[in-house]
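Novice: After the structure tokens below, expect a handful of questions from me.
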There are 2 protein chains.
Amino acid sequence: MSRSKSPTTNRTPAQRPTISLKSLAEHLGLSQAAVSFVMNRSPNAKSIPHHTQELIRKAARELNYRPNHLARSLRKQRSYTIGVLVPEISEGYAALVMSGIEDHLLQEGYFYFVVSHRHRADLLEEYPLLLQQRAVEGLIAVDTAVAEGLQIPSIAVSGHRDVPGVTNIVLNHSRAAMLALEHLSSLGHKNIAFIKGQEFSSDTVVRWESICDAASKLGLTIDERLVVQLKGESSSPELGYQVTTELLASGRLFTALFSFNDVYAIGAIQALREAGRRVPDNVSVVGFDDIQSAAYQNPALTTVRQPLREMGLTAATTLLRRITNTTEENYPKEIVVEPSLIVRGSTARLQ
Amino acid sequence: MSRSKSPTTNRTPAQRPTISLKSLAEHLGLSQAAVSFVMNRSPNAKSIPHHTQELIRKAARELNYRPNHLARSLRKQRSYTIGVLVPEISEGYAALVMSGIEDHLLQEGYFYFVVSHRHRADLLEEYPLLLQQRAVEGLIAVDTAVAEGLQIPSIAVSGHRDVPGVTNIVLNHSRAAMLALEHLSSLGHKNIAFIKGQEFSSDTVVRWESICDAASKLGLTIDERLVVQLKGESSSPELGYQVTTELLASGRLFTALFSFNDVYAIGAIQALREAGRRVPDNVSVVGFDDIQSAAYQNPALTTVRQPLREMGLTAATTLLRRITNTTEENYPKEIVVEPSLIVRGSTARLQ
DNA sequence: CTGAAAGACTAAATCGCTTTATTAGAGCCT
DNA sequence: AGGCTCTAATAAAGCGATTTAGTCTTTCAG
């Protein structure tokens with residue numbers, strides 16, 4: 001199959017085929033058990049003399065022994081694998097959370113499967129089952145409403161459903177809304193337009209409620225005619241462009257716009273610009289999330305930052321703790337993380 | 001553990017614990033073999049009467065039988081799992097390729113592990129081995145120089161190393177360079193600055209060579225003093241900002257800038273703007289990749305588009321073909337994909 | 001009435017490991 | 001000599017499937 005060009009220069013161990021415990025044991029003239037004990041530094045190995053242990057390790061190295069993880073998982077009933085369920089990989093949101101997740105998991109010797117459901121109900125139902133068939137020890141759902149009744153510890157990042165057995169990692173939404181509106185209000189804005197998230201996004205409802213709350217606390221009134229709702233599966237700036245165009249067409253006056261997220265804010269700014277409205281001179285725009293490119297828009301985007309990487313990290317840490325803690329009785333129901341307002345060039349004092 | 005609130009309303013099958021083949025067989029009073037035959041629609045099942053088959057399937061459904069994938073993999077020596085090695089899970093390059101990969105893999109019943117090496121040499125060496133221990137049937141390396149001597153079929157997306165056993169999926173770089181330079185040249189630009197990629201990026205060398213080639217074909221001379229090289233691990237626009245600032249500080253005249261990728265182009269535009277140079281009036285900027293936000297920059301970014309999703313898709317398709325084809329003798333060594341020039345607002349005729 | 005073929009299954013090996021229980025011998029004590 | 005403990009291991013069960021090689025009926029042609 002893989003005829004090596006120069007069999008004499010096999011530098012890396014990777015080049016030689018891997019060997020089973022059985023053949024290693026046979027080669028050594030020892031039992032599989034003995035070898036297993038030593039390789040795993042199991043307490044049972046203490047009766048095996050150092051000399052023999054060295055012999056075993058040496059042979060393992062030379063014959064390139066690498067235990068088959070499948071067999072080990074099956075036997076130990078531990079797969080050291082978890083499942084990550086995201087709406088879509090290519091979105092900035094999921095990618096950032098995932099990178100936080102990965103940091104912790106791989107460090108702890110876990111691997112993970114990623115599956116993206118693209119908001120399809122059938123996949124949303126099927127994937128958790130498939131993952132469980134593959135013996136994942138836990139599940140992290142990102143921006144996804146997980147079904148009830150999972151058999152394994154689960155974490156929802158921005159899941160917003162109170163499901164037994166699931167730890168929710170959520171942003172402090174009232175604070176987030178307050179940060180944004182306070183900022184706009186302090187700049188003198190009163191006529192604020194809003195882009196609401198799609199219905200399938202699990203953040204949509206709570207975010208909107210928080211906005212209404214914050215507005216009333218600040219004495220701002222929300223004009224329903226300045227509120228547009230995103231529709232459709234896509235998560236490209238195009239959507240923000242569309243709804244903003246509609247908003248402009250309606251003719252209602254607004255001096256500020258608070259978008260559901262940065263991506264749509266970017267589309268919105270484009271639409272405003274094309275309509276001859278300058279940002280931030282005529283309209284101030286606030287985004288949400290603080291994705292990488294937010295800082296590099298023109299103008300740079302003022303936004304409510306979600307600590308997405310940290311949320312992923314927290315998700316992973318909490319999940320592993322739940323997996324290794326034998327007592328699952330009082331797992332954390334909710335972990336709240338704090339937003340921060342990043343003021344950049346897309347907002348300015350009302351003139 | 002999971003005390004169900006209302007045990008009478010167990011709607012979804014997910015709520016009941018899964019059961020083993022053994023217990024299912026016992027419950028039915030049949031052998032495991034018989035059940036296995038039927039569940040897998042194996043040819044051996046043809047001697048089992050329809051009536052019994054139905055009984056088996058019914059019981060499987062009711063008792064929520066879901067075969068343990070670990071056990072199955074171990075026995076069949078097929079894991080239906082592949083490994084994906086990326087530099088970093090970010091919102092840009094890797095995420096797009098991954099979404100292409102995922103599309104095909106999941107559809108075909110494969111799952112995949114993602115690992116990111118962050119350019120660390122130890123991880124680059126270790127991860128392929130760990131993945132093989134986990135019995136992945138193939139490997140896709142994205143923008144990563146894979147080590148030699150893998151025991152499994154492997155695909156490198158923009159890998160640029162001629163490693164036996166690896167199928168390379170590469171962009172037609174000479175065409176890419178030609179597209180960009182032709183465009184700039186036709187707009188009258190002669191003094192073109194270049195941002196070269198970091199040394200660790202596998203595209204860097206071939207891209208630069210293609211640029212030199214194309215330039216000489218077009219009769220353009222490259223002024224070495226207008227070439228800056230990116231340094232450092234980061235892949236944020238900040239880096240592009242920095243090198244462009246240096247470029248400007250050097251005082252050399254240039255009317256166009258070709259960036260290693262869109263992300264750095266975005267940073268570069270920022271730097272140009274802050275230095276009082278207008279894009280595209282004073283300087284035309286061409287990016288590379290066509291990431292999502294490229295279209296929504298201000299000005300919208302002219303860029304050489306890499307079909308990243310398609311490259312991921314091709315990688316997955318090719319890999320699965322290699323896995324299922326028993327004859328690995330003449331696997332494809334290289335698959336070339338074509339770039340396209342997306343002309344937007346960041347380039348203009350020299351004035 | 002017999003032998004072969006078909007029908008309806010089953011027993012048991014196997015994948016590669018972990019882990020419990022057991023053993024065989026050496027050394028020491030009484 | 002017999003009984004202990006300690007050392008240095010090993011045998012074998014088991015994880016949960018798949019799969020090969022049967023076994024026991026029944027049917028049916030000759």
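Going by the structure tokens order, chains are called A, B, ..., each with residues numbered from 1, while ligands are numbered from 1 in the order shown.
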Run DSSP on the backbone and tell me which residues of range 31-168 of chain A come out as strand (DSSP E or B); list them as a ChimeraX atom specification.

Specialist: /A:65,81-86,111-116,139-142,154-157,166-168

Novice: Store the residues picked out above in a file with N, CA and C atoms, as a PDB file, in the first residue's frame.

Specialist:
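And here's out-v8.pdb as it stands now:
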```
ATOM      1  N   TYR A  65       3.961   0.827  19.394  1.00  0.00           N
ATOM      2  CA  TYR A  65       2.658   0.449  19.940  1.00  0.00           C
ATOM      3  C   TYR A  65       1.852   1.687  20.305  1.00  0.00           C
ATOM      4  N   THR A  81     -14.756  11.698  24.526  1.00  0.00           N
ATOM      5  CA  THR A  81     -15.217  12.374  23.324  1.00  0.00           C
ATOM      6  C   THR A  81     -16.491  13.133  23.677  1.00  0.00           C
ATOM      7  N   ILE A  82     -16.622  14.320  23.149  1.00  0.00           N
ATOM      8  CA  ILE A  82     -17.883  15.006  23.347  1.00  0.00           C
ATOM      9  C   ILE A  82     -18.417  15.505  22.015  1.00  0.00           C
ATOM     10  N   GLY A  83     -19.666  15.888  22.000  1.00  0.00           N
ATOM     11  CA  GLY A  83     -20.292  16.349  20.774  1.00  0.00           C
ATOM     12  C   GLY A  83     -20.577  17.840  20.851  1.00  0.00           C
ATOM     13  N   VAL A  84     -20.371  18.514  19.745  1.00  0.00           N
ATOM     14  CA  VAL A  84     -20.660  19.945  19.695  1.00  0.00           C
ATOM     15  C   VAL A  84     -21.668  20.192  18.573  1.00  0.00           C
ATOM     16  N   LEU A  85     -22.768  20.795  18.952  1.00  0.00           N
ATOM     17  CA  LEU A  85     -23.861  21.024  18.011  1.00  0.00           C
ATOM     18  C   LEU A  85     -23.955  22.516  17.741  1.00  0.00           C
ATOM     19  N   VAL A  86     -23.758  22.895  16.490  1.00  0.00           N
ATOM     20  CA  VAL A  86     -23.823  24.318  16.143  1.00  0.00           C
ATOM     21  C   VAL A  86     -24.789  24.510  14.979  1.00  0.00           C
ATOM     22  N   PHE A 111     -11.505  14.577  22.626  1.00  0.00           N
ATOM     23  CA  PHE A 111     -11.721  15.013  21.255  1.00  0.00           C
ATOM     24  C   PHE A 111     -13.203  15.312  21.107  1.00  0.00           C
ATOM     25  N   TYR A 112     -13.551  15.965  20.020  1.00  0.00           N
ATOM     26  CA  TYR A 112     -14.973  16.267  19.861  1.00  0.00           C
ATOM     27  C   TYR A 112     -15.427  16.155  18.412  1.00  0.00           C
ATOM     28  N   PHE A 113     -16.676  15.779  18.280  1.00  0.00           N
ATOM     29  CA  PHE A 113     -17.337  15.779  16.977  1.00  0.00           C
ATOM     30  C   PHE A 113     -18.099  17.087  16.822  1.00  0.00           C
ATOM     31  N   VAL A 114     -18.021  17.676  15.647  1.00  0.00           N
ATOM     32  CA  VAL A 114     -18.845  18.853  15.366  1.00  0.00           C
ATOM     33  C   VAL A 114     -19.937  18.461  14.393  1.00  0.00           C
ATOM     34  N   VAL A 115     -21.150  18.874  14.663  1.00  0.00           N
ATOM     35  CA  VAL A 115     -22.212  18.697  13.680  1.00  0.00           C
ATOM     36  C   VAL A 115     -22.986  20.009  13.578  1.00  0.00           C
ATOM     37  N   SER A 116     -23.374  20.347  12.369  1.00  0.00           N
ATOM     38  CA  SER A 116     -24.134  21.588  12.207  1.00  0.00           C
ATOM     39  C   SER A 116     -25.512  21.263  11.668  1.00  0.00           C
ATOM     40  N   LEU A 139     -22.456  16.883  25.747  1.00  0.00           N
ATOM     41  CA  LEU A 139     -22.880  17.613  24.567  1.00  0.00           C
ATOM     42  C   LEU A 139     -22.812  19.111  24.857  1.00  0.00           C
ATOM     43  N   ILE A 140     -22.302  19.853  23.890  1.00  0.00           N
ATOM     44  CA  ILE A 140     -22.377  21.306  23.985  1.00  0.00           C
ATOM     45  C   ILE A 140     -23.177  21.804  22.791  1.00  0.00           C
ATOM     46  N   ALA A 141     -24.261  22.491  23.065  1.00  0.00           N
ATOM     47  CA  ALA A 141     -25.079  23.040  21.991  1.00  0.00           C
ATOM     48  C   ALA A 141     -24.871  24.541  21.953  1.00  0.00           C
ATOM     49  N   VAL A 142     -24.507  25.040  20.783  1.00  0.00           N
ATOM     50  CA  VAL A 142     -24.223  26.465  20.649  1.00  0.00           C
ATOM     51  C   VAL A 142     -25.378  27.148  19.923  1.00  0.00           C
ATOM     52  N   SER A 154     -25.143  17.988  29.494  1.00  0.00           N
ATOM     53  CA  SER A 154     -25.175  18.886  28.345  1.00  0.00           C
ATOM     54  C   SER A 154     -25.045  20.334  28.779  1.00  0.00           C
ATOM     55  N   ILE A 155     -24.455  21.094  27.887  1.00  0.00           N
ATOM     56  CA  ILE A 155     -24.298  22.521  28.121  1.00  0.00           C
ATOM     57  C   ILE A 155     -24.898  23.248  26.929  1.00  0.00           C
ATOM     58  N   ALA A 156     -25.681  24.269  27.205  1.00  0.00           N
ATOM     59  CA  ALA A 156     -26.203  25.084  26.117  1.00  0.00           C
ATOM     60  C   ALA A 156     -25.572  26.464  26.210  1.00  0.00           C
ATOM     61  N   VAL A 157     -24.883  26.850  25.146  1.00  0.00           N
ATOM     62  CA  VAL A 157     -24.348  28.203  25.088  1.00  0.00           C
ATOM     63  C   VAL A 157     -25.403  29.058  24.401  1.00  0.00           C
ATOM     64  N   VAL A 166     -29.584  20.320  31.678  1.00  0.00           N
ATOM     65  CA  VAL A 166     -28.764  21.181  30.829  1.00  0.00           C
ATOM     66  C   VAL A 166     -28.282  22.409  31.603  1.00  0.00           C
ATOM     67  N   THR A 167     -26.993  22.653  31.529  1.00  0.00           N
ATOM     68  CA  THR A 167     -26.433  23.881  32.088  1.00  0.00           C
ATOM     69  C   THR A 167     -26.466  24.966  31.028  1.00  0.00           C
ATOM     70  N   ASN A 168     -27.078  26.071  31.347  1.00  0.00           N
ATOM     71  CA  ASN A 168     -27.138  27.166  30.384  1.00  0.00           C
ATOM     72  C   ASN A 168     -26.033  28.175  30.633  1.00  0.00           C
TER      73      ASN A 168
END
```

Novice: Residues of chain A near chain D: apply a cut-off of 8 Å, count only C-alpha atoms (C1' of nucleotides), and supply the list as a PyMOL selection string.

Specialist: chain A and resi 31+33-34+47-49+74-77

Novice: Just N, CA and C atoms for this one: save the residues we selected as a CSV table (one decimal), in the first residue's frame.

Specialist:
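Final file, out.csv:
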```
chain,number,residue,atom,x,y,z
A,31,SER,N,2.4,-11.5,29.3
A,31,SER,CA,0.9,-11.5,29.1
A,31,SER,C,0.5,-10.1,28.7
A,33,ALA,N,-1.9,-8.5,30.0
A,33,ALA,CA,-2.2,-7.8,31.2
A,33,ALA,C,-1.0,-7.1,31.7
A,34,ALA,N,0.1,-7.8,31.8
A,34,ALA,CA,1.3,-7.2,32.3
A,34,ALA,C,1.7,-5.9,31.5
A,47,SER,N,3.9,-4.4,41.2
A,47,SER,CA,4.5,-5.7,41.5
A,47,SER,C,5.5,-6.1,40.4
A,48,ILE,N,5.5,-5.3,39.3
A,48,ILE,CA,6.4,-5.6,38.2
A,48,ILE,C,7.7,-4.9,38.3
A,49,PRO,N,8.8,-5.6,38.4
A,49,PRO,CA,10.1,-5.0,38.6
A,49,PRO,C,10.4,-3.9,37.6
A,74,LEU,N,-14.4,1.2,24.5
A,74,LEU,CA,-15.5,0.2,24.7
A,74,LEU,C,-15.3,-0.5,26.0
A,75,ARG,N,-14.1,-0.9,26.3
A,75,ARG,CA,-13.9,-1.6,27.6
A,75,ARG,C,-14.1,-0.7,28.8
A,76,LYS,N,-13.5,0.5,28.8
A,76,LYS,CA,-13.6,1.3,29.9
A,76,LYS,C,-15.0,2.1,30.0
A,77,GLN,N,-15.7,2.0,29.0
A,77,GLN,CA,-17.0,2.8,29.0
A,77,GLN,C,-16.7,4.3,29.2
```

Novice: When DSSP works through the backbone of this structure, what residues of range 184-227 of chain B end up as helix (DSSP H, G or I), shown as a PDB file with C-alpha atoms, in the first residue's frame?

Specialist:
```pdb
ATOM      1  CA  LEU B 184      -4.411  46.344 -11.647  1.00  0.00           C
ATOM      2  CA  SER B 185      -2.288  46.686 -14.733  1.00  0.00           C
ATOM      3  CA  SER B 186      -5.292  47.320 -16.938  1.00  0.00           C
ATOM      4  CA  THR B 204       3.036  31.929   0.912  1.00  0.00           C
ATOM      5  CA  VAL B 205       5.775  30.657  -1.321  1.00  0.00           C
ATOM      6  CA  VAL B 206       3.805  29.479  -4.303  1.00  0.00           C
ATOM      7  CA  ARG B 207       1.685  32.608  -4.227  1.00  0.00           C
ATOM      8  CA  TRP B 208       4.690  34.824  -4.326  1.00  0.00           C
ATOM      9  CA  GLU B 209       6.303  32.908  -7.129  1.00  0.00           C
ATOM     10  CA  SER B 210       3.120  33.136  -9.138  1.00  0.00           C
ATOM     11  CA  ILE B 211       3.005  36.850  -8.571  1.00  0.00           C
ATOM     12  CA  CYS B 212       6.568  37.261  -9.803  1.00  0.00           C
ATOM     13  CA  ASP B 213       5.769  35.147 -12.816  1.00  0.00           C
ATOM     14  CA  ALA B 214       2.631  37.031 -13.687  1.00  0.00           C
ATOM     15  CA  ALA B 215       4.362  40.354 -13.197  1.00  0.00           C
ATOM     16  CA  SER B 216       7.101  39.491 -15.606  1.00  0.00           C
ATOM     17  CA  LYS B 217       4.620  38.216 -18.157  1.00  0.00           C
ATOM     18  CA  GLU B 224      11.456  44.837  -3.632  1.00  0.00           C
ATOM     19  CA  ARG B 225      11.134  47.864  -1.419  1.00  0.00           C
ATOM     20  CA  LEU B 226       7.379  47.732  -1.897  1.00  0.00           C
TER      21      LEU B 226
END
```

Novice: For the atom pair CA of Gly197 in chain A and CA of Ser236 in chain A, what is the interatomic distance in Å to one decimal place?

Specialist: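 CA of Gly197 in chain A sits 12.6 Å away from CA of Ser236 in chain A.
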
Novice: One number please: CA of Glu310 in chain A to CA of Glu108 in chain A, in Å, one decimal.

Specialist: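 Going from CA of Glu310 in chain A over to CA of Glu108 in chain A covers 16.6 Å.
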
Novice: Using only C-alpha atoms (C1' of nucleotides), what table do you get, as CSV, when you list each residue of chain C with an atom no more than 10 Å from chain B, its nearest pair of atoms, and their distance in Å rounded to one decimal, rows by chain then rising number?

Specialist:
```
residue,atom,partner,partner_atom,distance
C:DA6,C1',B:Ser47,CA,9.0
C:DG7,C1',B:Ser47,CA,6.1
C:DA8,C1',B:Ile48,CA,6.0
C:DC9,C1',B:Ala34,CA,7.2
C:DT10,C1',B:Ser31,CA,6.2
C:DA11,C1',B:Ser31,CA,9.2
C:DT14,C1',B:Arg75,CA,7.4
C:DC15,C1',B:Arg75,CA,4.3
C:DG16,C1',B:Leu74,CA,7.8
```

Novice: Store the residues of this selection in a file with C-alpha atoms (C1' of nucleotides), as a PDB file, in the first residue's frame.

Specialist:
```pdb
ATOM      1  C1'  DA C   6     -34.097 -24.928   1.743  1.00  0.00           C
ATOM      2  C1'  DG C   7     -35.629 -22.473   5.858  1.00  0.00           C
ATOM      3  C1'  DA C   8     -34.945 -20.642  10.423  1.00  0.00           C
ATOM      4  C1'  DC C   9     -32.026 -19.972  13.192  1.00  0.00           C
ATOM      5  C1'  DT C  10     -27.837 -20.268  16.853  1.00  0.00           C
ATOM      6  C1'  DA C  11     -23.061 -20.882  18.988  1.00  0.00           C
ATOM      7  C1'  DT C  14     -13.470 -12.055  17.059  1.00  0.00           C
ATOM      8  C1'  DC C  15     -12.177  -6.923  17.158  1.00  0.00           C
ATOM      9  C1'  DG C  16      -8.191  -4.805  20.980  1.00  0.00           C
TER      10       DG C  16
END
```

Novice: For chain B, work out the contacting residues on chain A at 6 Å, counting only C-alpha atoms, and write them as a list in words.

Specialist: Gln15, Asn68, His69, Leu70, Ile89, Ser90, Gly92, Ala95, Ser99, Tyr112, Phe113, Gln133, Arg134, Gly149 and Asn298 of chain A

Novice: Can you spit out the residues from that selection as a compact mmCIF listing (two decimals), in the first residue's frame, using N, CA and C atoms?

Specialist:
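Result file follows (selection-v6.txt):
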```txt
# COMPACT_ATOMS: atom_id res chain seq x y z
N GLN A 15 5.80 6.47 10.69
CA GLN A 15 5.83 5.80 9.40
C GLN A 15 5.60 4.30 9.49
N ASN A 68 -5.30 1.11 20.73
CA ASN A 68 -6.49 1.40 19.95
C ASN A 68 -7.54 2.05 20.85
N HIS A 69 -7.85 3.28 20.51
CA HIS A 69 -8.74 4.04 21.38
C HIS A 69 -10.15 3.49 21.40
N LEU A 70 -10.56 2.93 20.29
CA LEU A 70 -11.89 2.35 20.20
C LEU A 70 -12.05 1.22 21.20
N ILE A 89 -21.10 26.14 10.89
CA ILE A 89 -19.72 26.31 11.30
C ILE A 89 -19.13 27.62 10.83
N SER A 90 -19.56 28.06 9.66
CA SER A 90 -18.85 29.17 9.05
C SER A 90 -19.21 30.52 9.67
N GLY A 92 -19.28 33.46 12.27
CA GLY A 92 -18.30 33.96 13.21
C GLY A 92 -18.61 33.51 14.63
N ALA A 95 -17.82 29.76 15.35
CA ALA A 95 -16.39 29.50 15.23
C ALA A 95 -15.65 29.99 16.47
N SER A 99 -13.68 27.68 19.18
CA SER A 99 -12.25 27.76 19.45
C SER A 99 -12.01 27.79 20.96
N TYR A 112 -13.55 15.96 20.02
CA TYR A 112 -14.97 16.27 19.86
C TYR A 112 -15.43 16.16 18.41
N PHE A 113 -16.68 15.78 18.28
CA PHE A 113 -17.34 15.78 16.98
C PHE A 113 -18.10 17.09 16.82
N GLN A 133 -25.01 7.60 20.16
CA GLN A 133 -24.60 6.29 19.64
C GLN A 133 -23.10 6.19 19.55
N ARG A 134 -22.50 7.31 19.26
CA ARG A 134 -21.05 7.31 19.15
C ARG A 134 -20.40 7.51 20.51
N GLY A 149 -34.50 15.55 27.50
CA GLY A 149 -34.34 14.12 27.67
C GLY A 149 -33.04 13.55 27.18
N ASN A 298 -15.48 50.28 8.34
CA ASN A 298 -15.32 51.72 8.17
C ASN A 298 -16.71 52.34 8.15
```
